[in-house]
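**Q** File model_23.pdb follows (PDB, C-alpha atoms (C1' of nucleotides)):
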ATOM      1  CA  MET A   1      -8.669   6.285  -8.917
ATOM      2  CA  LYS A   2     -12.194   5.042  -8.556
ATOM      3  CA  ILE A   3     -14.802   7.161  -6.774
ATOM      4  CA  SER A   4     -17.141   5.026  -4.675
ATOM      5  CA  ALA A   5     -20.891   5.503  -4.431
ATOM      6  CA  ALA A   6     -20.772   7.198  -1.022
ATOM      7  CA  GLU A   7     -17.888   9.385  -2.112
ATOM      8  CA  SER A   8     -19.784  10.482  -5.193
ATOM      9  CA  VAL A   9     -22.475  11.949  -2.955
ATOM     10  CA  ILE A  10     -19.852  14.319  -1.590
ATOM     11  CA  MET A  11     -18.597  15.067  -5.078
ATOM     12  CA  GLU A  12     -22.082  15.926  -6.281
ATOM     13  CA  ALA A  13     -22.463  18.343  -3.408
ATOM     14  CA  LEU A  14     -19.197  20.028  -4.328
ATOM     15  CA  TRP A  15     -20.083  20.102  -7.997
ATOM     16  CA  ARG A  16     -23.274  21.897  -7.083
ATOM     17  CA  GLU A  17     -21.378  24.486  -5.083
ATOM     18  CA  SER A  18     -17.748  25.012  -4.157
ATOM     19  CA  PRO A  19     -15.606  25.807  -2.357
ATOM     20  CA  ARG A  20     -17.450  24.875   0.797
ATOM     21  CA  ALA A  21     -16.575  23.790   4.314
ATOM     22  CA  ALA A  22     -17.126  20.272   5.586
ATOM     23  CA  GLU A  23     -19.941  21.535   7.730
ATOM     24  CA  ALA A  24     -21.864  22.905   4.769
ATOM     25  CA  ILE A  25     -21.410  19.701   2.816
ATOM     26  CA  GLY A  26     -22.579  17.669   5.776
ATOM     27  CA  ALA A  27     -25.544  19.894   6.337
ATOM     28  CA  GLU A  28     -26.625  19.338   2.777
ATOM     29  CA  VAL A  29     -26.100  15.599   2.356
ATOM     30  CA  ALA A  30     -25.866  13.913   5.758
ATOM     31  CA  PRO A  31     -29.553  13.998   6.724
ATOM     32  CA  GLY A  32     -30.724  12.620   3.404
ATOM     33  CA  GLN A  33     -28.198   9.782   3.551
ATOM     34  CA  GLY A  34     -28.667   9.138   7.243
ATOM     35  CA  TRP A  35     -24.992   9.919   7.837
ATOM     36  CA  SER A  36     -23.297  11.331  10.888
ATOM     37  CA  GLU A  37     -20.848  14.213  10.585
ATOM     38  CA  GLY A  38     -18.010  11.744  11.136
ATOM     39  CA  THR A  39     -18.936   9.855   7.998
ATOM     40  CA  VAL A  40     -18.782  13.023   5.948
ATOM     41  CA  LYS A  41     -15.318  13.774   7.327
ATOM     42  CA  THR A  42     -14.063  10.319   6.411
ATOM     43  CA  LEU A  43     -15.364  10.576   2.877
ATOM     44  CA  ILE A  44     -13.820  13.997   2.416
ATOM     45  CA  ASN A  45     -10.487  12.604   3.562
ATOM     46  CA  ARG A  46     -10.640   9.659   1.223
ATOM     47  CA  LEU A  47     -11.444  11.968  -1.662
ATOM     48  CA  MET A  48      -8.407  14.082  -0.776
ATOM     49  CA  LYS A  49      -6.175  11.014  -0.750
ATOM     50  CA  LYS A  50      -7.521  10.197  -4.191
ATOM     51  CA  SER A  51      -6.856  13.767  -5.325
ATOM     52  CA  ALA A  52     -10.451  14.091  -6.403
ATOM     53  CA  ILE A  53     -10.845  17.244  -4.324
ATOM     54  CA  ALA A  54      -8.517  19.858  -2.837
ATOM     55  CA  ALA A  55      -8.640  21.963   0.300
ATOM     56  CA  GLN A  56      -7.762  25.572   0.849
ATOM     57  CA  LYS A  57      -7.402  27.018   4.296
ATOM     58  CA  ASP A  58      -9.980  29.558   5.353
ATOM     59  CA  GLY A  59      -9.149  30.717   8.866
ATOM     60  CA  ARG A  60      -9.439  27.746  11.167
ATOM     61  CA  ARG A  61     -11.231  25.509   8.716
ATOM     62  CA  TYR A  62     -10.795  24.262   5.201
ATOM     63  CA  LEU A  63     -12.857  24.903   2.132
ATOM     64  CA  TYR A  64     -13.039  22.048  -0.348
ATOM     65  CA  ARG A  65     -13.418  22.117  -4.075
ATOM     66  CA  PRO A  66     -13.443  19.413  -6.780
ATOM     67  CA  LEU A  67     -10.321  18.682  -8.766
ATOM     68  CA  LEU A  68     -12.055  16.046 -10.830
ATOM     69  CA  ALA A  69     -14.517  17.653 -13.242
ATOM     70  CA  ARG A  70     -18.025  16.278 -13.251
ATOM     71  CA  GLU A  71     -17.843  16.012 -17.030
ATOM     72  CA  ALA A  72     -14.877  13.644 -16.790
ATOM     73  CA  TYR A  73     -16.527  11.558 -14.110
ATOM     74  CA  VAL A  74     -19.778  11.289 -16.008
ATOM     75  CA  ALA A  75     -17.916  10.430 -19.196
ATOM     76  CA  ALA A  76     -15.947   7.641 -17.537
ATOM     77  CA  GLU A  77     -18.961   6.138 -15.790
ATOM     78  CA  SER A  78     -21.118   6.295 -18.885
ATOM     79  CA  GLN A  79     -18.493   4.831 -21.138
ATOM     80  CA  GLY A  80     -17.918   2.094 -18.582
ATOM     81  CA  LEU A  81     -21.552   1.117 -18.626
ATOM     82  CA  LEU A  82     -21.705   1.124 -22.404
ATOM     83  CA  ASP A  83     -18.579  -0.991 -22.601
ATOM     84  CA  ARG A  84     -19.766  -3.507 -20.050
ATOM     85  CA  LEU A  85     -23.309  -3.913 -21.275
ATOM     86  CA  PHE A  86     -23.769  -2.518 -24.766
ATOM     87  CA  GLU A  87     -20.581  -3.326 -26.657
ATOM     88  CA  GLY A  88     -19.481   0.248 -26.196
ATOM     89  CA  ARG A  89     -22.185   1.724 -28.365
ATOM     90  CA  LEU A  90     -24.949   4.150 -27.533
ATOM     91  CA  ALA A  91     -27.647   3.015 -29.894
ATOM     92  CA  PRO A  92     -28.200  -0.356 -28.203
ATOM     93  CA  LEU A  93     -28.699   1.432 -24.902
ATOM     94  CA  VAL A  94     -31.296   3.743 -26.358
ATOM     95  CA  SER A  95     -32.901   0.759 -27.988
ATOM     96  CA  HIS A  96     -33.039  -0.974 -24.626
ATOM     97  CA  PHE A  97     -34.897   1.928 -23.071
ATOM     98  CA  SER A  98     -37.278   2.298 -25.949
ATOM     99  CA  LYS A  99     -38.126  -1.388 -25.824
ATOM    100  CA  SER A 100     -38.808  -1.262 -22.115
ATOM    101  CA  ARG A 101     -41.032   1.767 -22.662
ATOM    102  CA  LYS A 102     -39.199   3.886 -20.167
ATOM    103  CA  LEU A 103     -39.386   6.951 -22.348
ATOM    104  CA  THR A 104     -41.743   9.772 -21.589
ATOM    105  CA  PRO A 105     -43.120  11.809 -24.482
ATOM    106  CA  GLU A 106     -40.814  14.606 -23.371
ATOM    107  CA  ASP A 107     -37.849  12.253 -23.638
ATOM    108  CA  VAL A 108     -38.853  11.378 -27.170
ATOM    109  CA  GLU A 109     -39.247  15.026 -28.081
ATOM    110  CA  GLU A 110     -35.842  15.875 -26.709
ATOM    111  CA  LEU A 111     -34.217  12.951 -28.425
ATOM    112  CA  LYS A 112     -35.673  14.086 -31.720
ATOM    113  CA  ARG A 113     -34.291  17.521 -31.165
ATOM    114  CA  LEU A 114     -30.855  16.132 -30.335
ATOM    115  CA  ILE A 115     -30.816  13.970 -33.410
ATOM    116  CA  ARG A 116     -31.768  16.889 -35.570
ATOM    117  CA  GLU A 117     -28.871  18.843 -34.171
ATOM    118  CA  LEU A 118     -26.508  16.000 -34.840
ATOM    119  CA  ASP A 119     -27.101  16.400 -38.543
ATOM    120  CA  ARG A 120     -25.806  19.923 -38.492
TER     121      ARG A 120
ATOM    122  CA  MET B 121     -28.863  -8.910  -4.426
ATOM    123  CA  LYS B 122     -26.079  -7.054  -6.128
ATOM    124  CA  ILE B 123     -23.913  -8.780  -8.744
ATOM    125  CA  SER B 124     -20.261  -7.740  -8.467
ATOM    126  CA  ALA B 125     -18.003  -6.983 -11.413
ATOM    127  CA  ALA B 126     -16.174 -10.303 -11.265
ATOM    128  CA  GLU B 127     -19.440 -12.175 -10.867
ATOM    129  CA  SER B 128     -20.881 -10.455 -13.898
ATOM    130  CA  VAL B 129     -18.129 -11.976 -16.015
ATOM    131  CA  ILE B 130     -19.521 -15.390 -15.111
ATOM    132  CA  MET B 131     -23.057 -14.215 -15.773
ATOM    133  CA  GLU B 132     -22.118 -12.944 -19.216
ATOM    134  CA  ALA B 133     -20.616 -16.309 -20.046
ATOM    135  CA  LEU B 134     -23.819 -18.056 -18.999
ATOM    136  CA  TRP B 135     -25.968 -15.572 -20.859
ATOM    137  CA  ARG B 136     -23.981 -16.349 -23.972
ATOM    138  CA  GLU B 137     -24.535 -20.065 -23.537
ATOM    139  CA  SER B 138     -26.231 -22.210 -20.935
ATOM    140  CA  PRO B 139     -26.476 -24.594 -19.278
ATOM    141  CA  ARG B 140     -22.770 -25.225 -19.030
ATOM    142  CA  ALA B 141     -20.375 -26.891 -16.610
ATOM    143  CA  ALA B 142     -17.957 -24.938 -14.438
ATOM    144  CA  GLU B 143     -15.122 -26.241 -16.543
ATOM    145  CA  ALA B 144     -16.562 -24.785 -19.752
ATOM    146  CA  ILE B 145     -17.182 -21.433 -18.108
ATOM    147  CA  GLY B 146     -13.662 -21.374 -16.755
ATOM    148  CA  ALA B 147     -12.207 -22.349 -20.107
ATOM    149  CA  GLU B 148     -13.954 -19.399 -21.677
ATOM    150  CA  VAL B 149     -13.327 -16.650 -19.152
ATOM    151  CA  ALA B 150     -10.440 -17.596 -16.858
ATOM    152  CA  PRO B 151      -7.535 -17.020 -19.261
ATOM    153  CA  GLY B 152      -8.763 -13.620 -20.332
ATOM    154  CA  GLN B 153      -9.221 -12.512 -16.722
ATOM    155  CA  GLY B 154      -6.063 -14.163 -15.472
ATOM    156  CA  TRP B 155      -8.132 -16.301 -13.105
ATOM    157  CA  SER B 156      -7.462 -19.758 -11.769
ATOM    158  CA  GLU B 157     -10.140 -22.445 -11.849
ATOM    159  CA  GLY B 158     -10.612 -21.980  -8.100
ATOM    160  CA  THR B 159     -11.655 -18.401  -8.618
ATOM    161  CA  VAL B 160     -14.295 -19.428 -11.121
ATOM    162  CA  LYS B 161     -15.693 -21.973  -8.660
ATOM    163  CA  THR B 162     -15.909 -19.383  -5.915
ATOM    164  CA  LEU B 163     -17.748 -16.944  -8.124
ATOM    165  CA  ILE B 164     -20.171 -19.624  -9.251
ATOM    166  CA  ASN B 165     -20.885 -20.454  -5.627
ATOM    167  CA  ARG B 166     -21.516 -16.855  -4.695
ATOM    168  CA  LEU B 167     -23.887 -16.461  -7.615
ATOM    169  CA  MET B 168     -25.778 -19.512  -6.421
ATOM    170  CA  LYS B 169     -26.067 -18.079  -2.920
ATOM    171  CA  LYS B 170     -27.462 -14.935  -4.501
ATOM    172  CA  SER B 171     -29.887 -17.037  -6.555
ATOM    173  CA  ALA B 172     -28.602 -15.414  -9.716
ATOM    174  CA  ILE B 173     -27.932 -18.830 -11.246
ATOM    175  CA  ALA B 174     -29.132 -22.388 -10.668
ATOM    176  CA  ALA B 175     -27.486 -25.770 -11.034
ATOM    177  CA  GLN B 176     -28.835 -29.001 -12.400
ATOM    178  CA  LYS B 177     -27.009 -32.248 -11.911
ATOM    179  CA  ASP B 178     -25.516 -33.867 -14.978
ATOM    180  CA  GLY B 179     -23.864 -37.098 -13.930
ATOM    181  CA  ARG B 180     -21.036 -36.280 -11.572
ATOM    182  CA  ARG B 181     -20.980 -32.571 -12.322
ATOM    183  CA  TYR B 182     -23.405 -29.677 -12.415
ATOM    184  CA  LEU B 183     -24.585 -27.590 -15.283
ATOM    185  CA  TYR B 184     -25.317 -23.969 -14.473
ATOM    186  CA  ARG B 185     -27.822 -21.617 -15.988
ATOM    187  CA  PRO B 186     -28.861 -18.035 -15.240
ATOM    188  CA  LEU B 187     -31.939 -17.355 -13.160
ATOM    189  CA  LEU B 188     -31.515 -13.612 -13.474
ATOM    190  CA  ALA B 189     -32.332 -12.514 -17.014
ATOM    191  CA  ARG B 190     -29.772 -10.349 -18.748
ATOM    192  CA  GLU B 191     -32.562  -7.951 -19.646
ATOM    193  CA  ALA B 192     -33.362  -7.384 -15.975
ATOM    194  CA  TYR B 193     -29.737  -6.922 -15.064
ATOM    195  CA  VAL B 194     -29.105  -4.497 -17.902
ATOM    196  CA  ALA B 195     -32.265  -2.605 -17.038
ATOM    197  CA  ALA B 196     -31.278  -2.219 -13.401
ATOM    198  CA  GLU B 197     -27.722  -1.153 -14.153
ATOM    199  CA  SER B 198     -28.790   1.296 -16.817
ATOM    200  CA  GLN B 199     -31.501   2.829 -14.731
ATOM    201  CA  GLY B 200     -29.038   3.121 -11.870
ATOM    202  CA  LEU B 201     -26.625   5.086 -14.003
ATOM    203  CA  LEU B 202     -29.335   7.356 -15.308
ATOM    204  CA  ASP B 203     -30.612   7.982 -11.810
ATOM    205  CA  ARG B 204     -27.184   8.720 -10.396
ATOM    206  CA  LEU B 205     -25.888  10.907 -13.164
ATOM    207  CA  PHE B 206     -28.678  12.115 -15.413
ATOM    208  CA  GLU B 207     -31.654  12.775 -13.182
ATOM    209  CA  GLY B 208     -33.134   9.508 -14.326
ATOM    210  CA  ARG B 209     -33.669  10.626 -17.899
ATOM    211  CA  LEU B 210     -32.257   9.281 -21.103
ATOM    212  CA  ALA B 211     -32.070  12.442 -23.158
ATOM    213  CA  PRO B 212     -29.352  14.050 -21.032
ATOM    214  CA  LEU B 213     -27.216  10.963 -21.437
ATOM    215  CA  VAL B 214     -27.547  11.022 -25.190
ATOM    216  CA  SER B 215     -26.813  14.703 -25.098
ATOM    217  CA  HIS B 216     -23.676  14.016 -23.121
ATOM    218  CA  PHE B 217     -22.406  11.592 -25.735
ATOM    219  CA  SER B 218     -23.278  13.833 -28.607
ATOM    220  CA  LYS B 219     -21.455  16.731 -27.008
ATOM    221  CA  SER B 220     -18.352  14.666 -26.416
ATOM    222  CA  ARG B 221     -18.496  13.507 -30.048
ATOM    223  CA  LYS B 222     -18.428   9.860 -29.128
ATOM    224  CA  LEU B 223     -20.984   8.992 -31.778
ATOM    225  CA  THR B 224     -20.018   7.240 -34.958
ATOM    226  CA  PRO B 225     -22.045   7.942 -38.108
ATOM    227  CA  GLU B 226     -23.520   4.468 -37.699
ATOM    228  CA  ASP B 227     -24.644   5.377 -34.193
ATOM    229  CA  VAL B 228     -26.354   8.465 -35.524
ATOM    230  CA  GLU B 229     -28.050   6.480 -38.270
ATOM    231  CA  GLU B 230     -29.300   3.898 -35.831
ATOM    232  CA  LEU B 231     -30.510   6.533 -33.410
ATOM    233  CA  LYS B 232     -32.501   8.161 -36.197
ATOM    234  CA  ARG B 233     -34.045   4.856 -37.051
ATOM    235  CA  LEU B 234     -34.953   4.217 -33.422
ATOM    236  CA  ILE B 235     -36.520   7.614 -33.055
ATOM    237  CA  ARG B 236     -38.576   7.111 -36.167
ATOM    238  CA  GLU B 237     -39.882   3.862 -34.740
ATOM    239  CA  LEU B 238     -40.781   5.534 -31.493
ATOM    240  CA  ASP B 239     -43.311   7.646 -33.291
ATOM    241  CA  ARG B 240     -45.236   4.641 -34.373
TER     242      ARG B 240
ATOM    243  C1'  DC C 241      -3.163  32.109  31.003
ATOM    244  C1'  DT C 242      -6.378  28.172  30.990
ATOM    245  C1'  DC C 243      -9.878  25.484  29.383
ATOM    246  C1'  DC C 244     -13.285  24.362  26.046
ATOM    247  C1'  DA C 245     -15.378  23.775  21.690
ATOM    248  C1'  DC C 246     -14.490  22.832  17.209
ATOM    249  C1'  DC C 247     -12.323  20.827  13.275
ATOM    250  C1'  DG C 248      -9.402  17.824  10.844
ATOM    251  C1'  DT C 249      -6.745  13.303  11.400
ATOM    252  C1'  DT C 250      -6.304   8.669  12.948
ATOM    253  C1'  DT C 251      -8.049   4.439  14.163
ATOM    254  C1'  DA C 252     -11.784   0.903  14.211
ATOM    255  C1'  DC C 253     -14.768  -2.507  12.612
ATOM    256  C1'  DC C 254     -17.758  -5.246   9.772
ATOM    257  C1'  DG C 255     -19.330  -6.962   5.552
ATOM    258  C1'  DG C 256     -18.351  -7.646   0.653
ATOM    259  C1'  DT C 257     -15.031  -8.672  -3.120
ATOM    260  C1'  DG C 258     -11.067 -10.626  -5.526
ATOM    261  C1'  DT C 259      -8.334 -14.352  -5.466
ATOM    262  C1'  DA C 260      -7.173 -18.817  -4.230
ATOM    263  C1'  DA C 261      -5.825 -23.183  -1.545
ATOM    264  C1'  DT C 262      -7.633 -27.058   0.916
ATOM    265  C1'  DC C 263     -11.110 -30.504   2.090
ATOM    266  C1'  DG C 264     -14.245 -34.067   1.317
ATOM    267  C1'  DA C 265     -17.236 -36.969  -1.479
ATOM    268  C1'  DT C 266     -17.604 -39.948  -5.349
ATOM    269  C1'  DG C 267     -17.173 -42.045  -9.765
ATOM    270  C1'  DA C 268     -13.586 -44.243 -12.536
ATOM    271  C1'  DT C 269      -9.457 -47.470 -12.833
ATOM    272  C1'  DG C 270      -6.417 -51.116 -12.056
TER     273       DG C 270
ATOM    274  C1'  DC D 271     -12.016 -53.616  -3.541
ATOM    275  C1'  DA D 272      -8.569 -49.941  -3.011
ATOM    276  C1'  DT D 273      -6.746 -45.833  -4.885
ATOM    277  C1'  DC D 274      -6.780 -41.806  -7.727
ATOM    278  C1'  DA D 275      -8.541 -38.030 -10.127
ATOM    279  C1'  DT D 276     -12.331 -34.753 -10.141
ATOM    280  C1'  DC D 277     -15.790 -31.775  -8.605
ATOM    281  C1'  DG D 278     -18.169 -28.967  -5.668
ATOM    282  C1'  DA D 279     -17.965 -27.050  -0.835
ATOM    283  C1'  DT D 280     -15.462 -24.938   2.785
ATOM    284  C1'  DT D 281     -12.087 -21.992   4.523
ATOM    285  C1'  DA D 282      -8.650 -18.238   4.016
ATOM    286  C1'  DC D 283      -7.049 -13.782   3.669
ATOM    287  C1'  DA D 284      -6.082  -9.156   2.275
ATOM    288  C1'  DC D 285      -8.214  -5.019   0.600
ATOM    289  C1'  DC D 286     -11.941  -1.769  -0.084
ATOM    290  C1'  DG D 287     -16.075   0.664   1.262
ATOM    291  C1'  DG D 288     -19.601   2.283   4.578
ATOM    292  C1'  DT D 289     -20.037   3.940   8.899
ATOM    293  C1'  DA D 290     -18.393   5.980  12.896
ATOM    294  C1'  DA D 291     -15.872   6.937  17.400
ATOM    295  C1'  DA D 292     -11.579   8.590  19.558
ATOM    296  C1'  DC D 293      -7.659  11.681  19.399
ATOM    297  C1'  DG D 294      -5.145  15.901  19.060
ATOM    298  C1'  DG D 295      -4.178  20.677  17.906
ATOM    299  C1'  DT D 296      -5.688  25.399  18.189
ATOM    300  C1'  DG D 297      -8.373  29.660  18.221
ATOM    301  C1'  DG D 298     -11.572  31.913  21.214
ATOM    302  C1'  DA D 299     -13.883  32.831  25.952
ATOM    303  C1'  DG D 300     -13.398  33.873  30.556
TER     304       DG D 300
END
Would you mind giving the structure from this file in structure tokens?

**A**
Amino acid sequence: MKISAAESVIMEALWRESPRAAEAIGAEVAPGQGWSEGTVKTLINRLMKKSAIAAQKDGRRYLYRPLLAREAYVAAESQGLLDRLFEGRLAPLVSHFSKSRKLTPEDVEELKRLIRELDR
Amino acid sequence: MKISAAESVIMEALWRESPRAAEAIGAEVAPGQGWSEGTVKTLINRLMKKSAIAAQKDGRRYLYRPLLAREAYVAAESQGLLDRLFEGRLAPLVSHFSKSRKLTPEDVEELKRLIRELDR
DNA sequence: CTCCACCGTTTACCGGTGTAATCGATGATG
DNA sequence: CATCATCGATTACACCGGTAAACGGTGGAG
């Protein structure tokens, strides 16, 4: 099941810390997104219907935690982008960024390090 | 204005070859997507409203061509993914792929080549 | 025991998207 | 010239997503 953009904001909050109550999630993300508490509740419910998160009772409230791992989500999204725009391959994407000069010197340094590791 | 997934199929066709008539676009993409000709027309119209493509009259029909450059579209989509999932930086994305072993030897070779070029 | 505050659930609504049928103009055909 | 086949334009409609208010149960306060 696809996670929408707004839903992913909730997921990110839970990936940062879980389990947490709806109130805590709202407190963290609602102001920045300009959301009301009601919006947070709706998104939590939709994520439960999609089985992306689960709830465990804690007294009178629920604590939520992710069922979908961030790794899996990131992998699917990234692969999707590569497939749609770069024939499924990573090198053309890197090439795109290098051409558009969006790489900081630190990026270049880290890329070099990664490549070196790949050889071992 | 945002280009939707279905619309991007039309864009890709026009990026491959333009200007072209609606019929030619449909002939190329409709069967693969399971679309009728009507669907192609609708998508073309929406892209015109979004000023992502333009039409020039050619006798009794129109020929369409992209106004939005593929480069710009790819750049926006890619940056969006990086921002949402990798703190806006490229290195973490590459790291993600290397960790999940999604890199072919050719990918690694090409990445090395790219990195070498970056130093110059 | 009663009422309230709180929390999750249900319902609402609008705009966008996927998918398509219908309409209306116009060039081609008999 | 009248009719037909074609195109693009208009309209349709259901579903999803963003945003939120209303509803309903229940634990705690008086």

**Q** Considering all atoms listed in the file, return as a ChimeraX atom specification whatever protein or nucleic-acid residues lie within 9 Å of range 191-208 of chain B, sequence-local ones (same chain, fewer than 6 positions apart) excluded.

**A** /A:74,77-78,81,85-86,93,96-97,100 /B:123

**Q** Name every residue that the PyMOL selection byres ((chain C) within 9 of (chain A)) selects in this structure, writing the answer as a ChimeraX atom specification with chains first and numbers rising.

**A** /C:247-249

**Q** Define the interface residues of chain A facing chain B as those within 7 Å, counting all atoms listed in the file, and report them as a list in words.

**A**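 So the residues of chain A near chain B are Val74, Leu85, Leu90, Ala91, Ser95, Asp107, Glu110, Leu111, Lys112, Leu114 and Ile115 of chain A.
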
**Q** Once the PyMOL selection byres ((chain D) within 10 of (chain B)) has been applied to the shown file, what residues remain in the selection, as a PyMOL selection string?

**A** chain D and resi 276-279

**Q** Tell me, in Å to one decimal, how far C1' of DA292 in chain D is from CA of Ala55 in chain A.

**A**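 Straight-line distance from C1' of DA292 in chain D to CA of Ala55 in chain A works out to 23.6 Å.
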
**Q** Using all C-alpha atoms paired in order, least-squares fit chain A onto chain B and give me the moved copy as a short mmCIF file (atom, residue, chain, number, x, y, z; two decimals) with C-alpha atoms, in the frame of the given file.

**A**
data_model
loop_
_atom_site.label_atom_id
_atom_site.label_comp_id
_atom_site.auth_asym_id
_atom_site.auth_seq_id
_atom_site.Cartn_x
_atom_site.Cartn_y
_atom_site.Cartn_z
CA MET A 1 -28.89 -8.87 -4.46
CA LYS A 2 -26.13 -7.01 -6.20
CA ILE A 3 -24.00 -8.75 -8.82
CA SER A 4 -20.36 -7.67 -8.60
CA ALA A 5 -18.13 -6.92 -11.56
CA ALA A 6 -16.26 -10.24 -11.41
CA GLU A 7 -19.50 -12.13 -10.94
CA SER A 8 -21.01 -10.45 -13.97
CA VAL A 9 -18.27 -11.96 -16.12
CA ILE A 10 -19.62 -15.38 -15.18
CA MET A 11 -23.17 -14.25 -15.81
CA GLU A 12 -22.28 -12.99 -19.27
CA ALA A 13 -20.76 -16.35 -20.08
CA LEU A 14 -23.93 -18.11 -18.98
CA TRP A 15 -26.13 -15.66 -20.84
CA ARG A 16 -24.18 -16.45 -23.97
CA GLU A 17 -24.69 -20.17 -23.49
CA SER A 18 -26.33 -22.32 -20.84
CA PRO A 19 -26.54 -24.69 -19.17
CA ARG A 20 -22.82 -25.29 -18.97
CA ALA A 21 -20.39 -26.90 -16.56
CA ALA A 22 -17.95 -24.92 -14.46
CA GLU A 23 -15.14 -26.19 -16.61
CA ALA A 24 -16.64 -24.77 -19.78
CA ILE A 25 -17.27 -21.42 -18.15
CA GLY A 26 -13.72 -21.33 -16.85
CA ALA A 27 -12.31 -22.29 -20.19
CA GLU A 28 -14.10 -19.39 -21.78
CA VAL A 29 -13.46 -16.60 -19.29
CA ALA A 30 -10.53 -17.49 -17.03
CA PRO A 31 -7.68 -16.90 -19.48
CA GLY A 32 -8.96 -13.52 -20.57
CA GLN A 33 -9.39 -12.38 -16.97
CA GLY A 34 -6.19 -13.98 -15.76
CA TRP A 35 -8.18 -16.12 -13.33
CA SER A 36 -7.42 -19.55 -11.97
CA GLU A 37 -10.05 -22.28 -11.99
CA GLY A 38 -10.49 -21.76 -8.25
CA THR A 39 -11.61 -18.19 -8.79
CA VAL A 40 -14.27 -19.32 -11.22
CA LYS A 41 -15.56 -21.85 -8.69
CA THR A 42 -15.81 -19.20 -5.99
CA LEU A 43 -17.72 -16.83 -8.22
CA ILE A 44 -20.12 -19.56 -9.28
CA ASN A 45 -20.78 -20.35 -5.63
CA ARG A 46 -21.42 -16.75 -4.72
CA LEU A 47 -23.84 -16.43 -7.61
CA MET A 48 -25.69 -19.51 -6.36
CA LYS A 49 -25.95 -18.04 -2.87
CA LYS A 50 -27.41 -14.93 -4.46
CA SER A 51 -29.84 -17.07 -6.47
CA ALA A 52 -28.62 -15.46 -9.65
CA ILE A 53 -27.92 -18.87 -11.17
CA ALA A 54 -29.08 -22.44 -10.55
CA ALA A 55 -27.41 -25.81 -10.91
CA GLN A 56 -28.73 -29.06 -12.25
CA LYS A 57 -26.90 -32.30 -11.75
CA ASP A 58 -25.45 -33.92 -14.84
CA GLY A 59 -23.75 -37.15 -13.81
CA ARG A 60 -20.90 -36.27 -11.51
CA ARG A 61 -20.89 -32.58 -12.27
CA TYR A 62 -23.31 -29.70 -12.31
CA LEU A 63 -24.56 -27.64 -15.19
CA TYR A 64 -25.32 -24.02 -14.40
CA ARG A 65 -27.85 -21.70 -15.90
CA PRO A 66 -28.92 -18.11 -15.16
CA LEU A 67 -31.97 -17.42 -13.05
CA LEU A 68 -31.58 -13.69 -13.40
CA ALA A 69 -32.44 -12.59 -16.94
CA ARG A 70 -29.91 -10.42 -18.70
CA GLU A 71 -32.71 -8.02 -19.61
CA ALA A 72 -33.49 -7.43 -15.93
CA TYR A 73 -29.84 -6.97 -15.05
CA VAL A 74 -29.23 -4.55 -17.88
CA ALA A 75 -32.38 -2.63 -17.00
CA ALA A 76 -31.39 -2.26 -13.36
CA GLU A 77 -27.82 -1.21 -14.12
CA SER A 78 -28.88 1.26 -16.79
CA GLN A 79 -31.59 2.80 -14.69
CA GLY A 80 -29.13 3.06 -11.82
CA LEU A 81 -26.69 5.01 -13.92
CA LEU A 82 -29.38 7.32 -15.24
CA ASP A 83 -30.66 7.94 -11.73
CA ARG A 84 -27.24 8.63 -10.29
CA LEU A 85 -25.91 10.84 -13.04
CA PHE A 86 -28.67 12.08 -15.32
CA GLU A 87 -31.67 12.74 -13.09
CA GLY A 88 -33.18 9.49 -14.28
CA ARG A 89 -33.68 10.62 -17.84
CA LEU A 90 -32.25 9.28 -21.06
CA ALA A 91 -32.01 12.42 -23.11
CA PRO A 92 -29.31 14.04 -20.97
CA LEU A 93 -27.19 10.93 -21.36
CA VAL A 94 -27.51 10.99 -25.11
CA SER A 95 -26.75 14.67 -25.02
CA HIS A 96 -23.62 13.96 -23.02
CA PHE A 97 -22.36 11.54 -25.63
CA SER A 98 -23.19 13.79 -28.52
CA LYS A 99 -21.36 16.67 -26.90
CA SER A 100 -18.28 14.58 -26.30
CA ARG A 101 -18.39 13.45 -29.92
CA LYS A 102 -18.35 9.80 -29.05
CA LEU A 103 -20.87 8.94 -31.71
CA THR A 104 -19.87 7.22 -34.90
CA PRO A 105 -21.86 7.94 -38.05
CA GLU A 106 -23.35 4.47 -37.67
CA ASP A 107 -24.50 5.35 -34.17
CA VAL A 108 -26.21 8.44 -35.50
CA GLU A 109 -27.87 6.47 -38.26
CA GLU A 110 -29.16 3.89 -35.83
CA LEU A 111 -30.39 6.51 -33.43
CA LYS A 112 -32.33 8.14 -36.23
CA ARG A 113 -33.90 4.85 -37.09
CA LEU A 114 -34.85 4.22 -33.47
CA ILE A 115 -36.40 7.62 -33.12
CA ARG A 116 -38.41 7.11 -36.25
CA GLU A 117 -39.74 3.89 -34.85
CA LEU A 118 -40.67 5.57 -31.62
CA ASP A 119 -43.18 7.70 -33.47
CA ARG A 120 -45.09 4.67 -34.61
#

**Q** Please list as a PyMOL selection string every residue within 12 Å of DA261 in chain C, counting only C-alpha atoms (C1' of nucleotides) and excluding residues in the same chain fewer than 2 positions away.

**A** (chain B and resi 156-159+162) or (chain C and resi 259+263) or (chain D and resi 280-283)

**Q** Got a sec: who's within 12 Å of Leu167 in chain B, counting all atoms listed in the file, leaving out chain neighbours fewer than 6 positions off, as a ChimeraX atom specification?

**A** /B:121-131,134,160-161,173-175,184-188

**Q** I need the output of the PyMOL selection byres ((chain D and resi 274) around 10) for this file as a ChimeraX atom specification; which residues are they?

**A** /C:268-269 /D:272-273,275-276

**Q** Return as lines of an AutoDock Vina configuration file the box centre and box size in Å, one decimal, for an axis-aligned box around all listed atoms of range 194-209 of chain B padded by 5 Å per side.

**A**
center_x = -29.8
center_y = 4.1
center_z = -14.1
size_x = 17.8
size_y = 27.3
size_z = 17.5
